[in-house]
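Enquirer: Input: one structure, supplied below.
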Amino acid sequence: MSNRTNMTNRKKIALTGGMAAAEALRQINPDVAPVYPITPQTPIIEGFAKFEADGKVDTEIITVESEHSAMSAAIGASSAGARTITATSSQGLALMNEVLYIASGSRLPILMLISARALGAPINIHGDHSDVMGARDTGWIQIFSENAQEVYDNTIIGMKLAEKTEVPVMVIMDGFTTSHSVEILETLPDEAVKKFVGKFEPSRSLLDIENPVTFGPVSLPDSYFEFKIEQDKAIKKAEDEYLKIAKDFAEISNRHYDIFEKYQTEDAEHIIVLMGSTAGTAKNVVDKLREQGQKVGLLKIKLFRPFPHKEIAEVLKKTKSVAVMDRSISFGTNPPLYSEIMNSFFMFNVQCLMSSYVYALGGRDIFASDIESVFEDMIKGEKFEGTRYLNSKDN
């Protein structure tokens with residue numbers, strides 16, 4: 001299929017981020033989807049379930065009694081050789097935590113859509129990155145989405161990536177900000193998506209009686225260490241696979257994705273690093289300050305696990321200052337994204353002024369003026385210890 005053919009068959013449509021994910025899932029047509037509702041994830045599976053009810057997919061949707069059970073059922077389905085997806089948010093992801101490690105340690109290619117949301121207590125149903133940062137070391141690939149278009153594209157890319165690497169994938173959107181906001185996006189023809197993801201052919205299955213395998217064995221000290229080393233090697237290799245799959249996706253979509261997005265970074269003296277929907281506002285601020293003659297830029301992280309330390313160091317090594325904006329807190333230590341950027345600087349001897357900011361916890365608004373203030377701090381060369389909390393009543 002040529003790019004010209006794709007251009008004529010693509011269509012633009014207004015969808016929320018949640019429905020963008022559901023539309024991509026309709027085109028993928030997975031075999032099994034164990035689900036449990038939780039705000040703000042619910043519209044993803046609600047929309048997909050309507051497709052199933054209307055006969056547009058033949059997915060077996062399994063309604064269970066909790067998110068822990070949803071992931072447990074996903075593990076069972078994937079072990080049996082089924083193309084498997086699920087979705088969750090917040091406390092639901094936290095409740096899954098025990099079995100997230102089982103999915104990744106068993107090398108099961110499950111795709112999970114996440115509308116990132118704050119964790120209680122106190123109870124809060126709005127968006128931040130607390131839930132997905134709590135799951136960052138569970139052995140899952142994590143791909144962040146800025147908007148509904150990226151949610152749609154990342155769902156398709158993520159499904160292929162999981163099955164190619166045999167490492168489960170989280171495709172992450174910001175709760176409400178992306179999941180419930182309507183945006184114009186461009187979808188691909190059904191046949192193009194079907195061809196791109198291909199037919200799922202598992203390398204092993206519990207139901208293959210001609211080639212019996214064991215899932216979930218006991219591993220004692222003489223073997224467990226090596227299992228974990230092999231698992232780590234697999235997720236690190238996922239970076240290269242992601243780039244290959246993203247390149248193939250560009251052939252059918254004309255949308256090009258990298259492990260991160262560089263926005264006006266080539267000659268930038270001051271760069272903000274962040275993830276998710278706030279990148280859209282940050283780009284507007286960069287454009288405004290560029291018009292005023294300021295050399296500023298944005299580095300938007302897409303692939304958070306595995307983390308591209310070397311590549312990030314290469315981008316940031318020539319800048320004067322870097323501000324890392326986290327939408328979560330690591331209690332008692334540095335915020336997650338800031339910690340990873342510090343690791344990059346240490347590993348590859350990057351010398352520049354770096355500062356940490358936390359913003360928009362529990363769904364608090366983040367304004368262009370807040371991001372401008374971060375750039376103003378950098379331009380003035382302001383140094384401070386610890387983390388600053390943007391738009392916080394404690395400041």
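How things are named: the first chain in the structure tokens is A, the next is B, and so on; residues count from 1 in each chain; ligands count from 1 in the order shown.
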Could you produce a table of the residues of range 137-207 of chain A lying within 12 Å of range 307-327 of chain A, with the nearest pair of atoms per residue and their separation in Å rounded to one decimal, using only C-alpha atoms, ordered by chain and increasing residue number, as a Markdown table?
Expert:
| residue | atom | partner | partner_atom | distance |
| --- | --- | --- | --- | --- |
| A:Asp137 | CA | A:Phe307 | CA | 11.1 |
| A:Gly139 | CA | A:Phe307 | CA | 11.9 |
| A:Trp140 | CA | A:Phe307 | CA | 11.6 |
| A:Ile141 | CA | A:Phe307 | CA | 9.4 |
| A:Gln142 | CA | A:Phe307 | CA | 9.2 |
| A:Ile143 | CA | A:Phe307 | CA | 10.4 |
| A:Asp174 | CA | A:Arg327 | CA | 10.1 |
| A:Gly175 | CA | A:Arg327 | CA | 11.9 |
Enquirer: Print the selection's residues with C-alpha atoms to a file, as a JSON list (two decimals), in the first residue's frame.
Expert:
[["chain", "number", "residue", "atom", "x", "y", "z"],
["A", 137, "ASP", "CA", 9.81, -0.68, 37.65],
["A", 139, "GLY", "CA", 9.07, -4.52, 33.81],
["A", 140, "TRP", "CA", 6.53, -2.98, 31.41],
["A", 141, "ILE", "CA", 7.36, -0.73, 28.47],
["A", 142, "GLN", "CA", 5.83, 2.73, 29.03],
["A", 143, "ILE", "CA", 4.85, 5.04, 26.15],
["A", 174, "ASP", "CA", -3.31, 12.04, 30.90],
["A", 175, "GLY", "CA", -6.57, 11.45, 32.76]]
Enquirer: When you look at Tyr263 in chain A with a cut-off of 12 Å (counting only C-alpha atoms), what residues show up, excluding the ones that are within fewer than 3 positions of it in the same chain? I need them as a PyMOL selection string.
Expert: chain A and resi 260+266-268+270-274+279-280+282-287+290+295-301+315
Enquirer: Can you pull out every residue from range 248-343 of chain A that DSSP, working from the backbone, puts in strand (DSSP E or B), and format the result as JSON, numbers by chain?
Expert: {"A": [260, 261, 262, 263, 270, 271, 272, 273, 274, 296, 297, 298, 299, 300, 301, 303, 304, 305, 321, 322, 323, 324, 325, 326]}
Enquirer: Please provide as a VMD selection string all residues within 12 Å of Phe367 in chain A, with the sequence filter that same-chain residues fewer than 2 positions apart are discarded (counting only C-alpha atoms).
Expert: chain A and resid 278 to 282 284 to 285 359 to 360 364 to 365 369 to 374 390 to 391
Enquirer: Please, what distance in Å, to one decimal, runs between CA of Glu46 in chain A and CA of Leu108 in chain A?
Expert: 24.6 Å
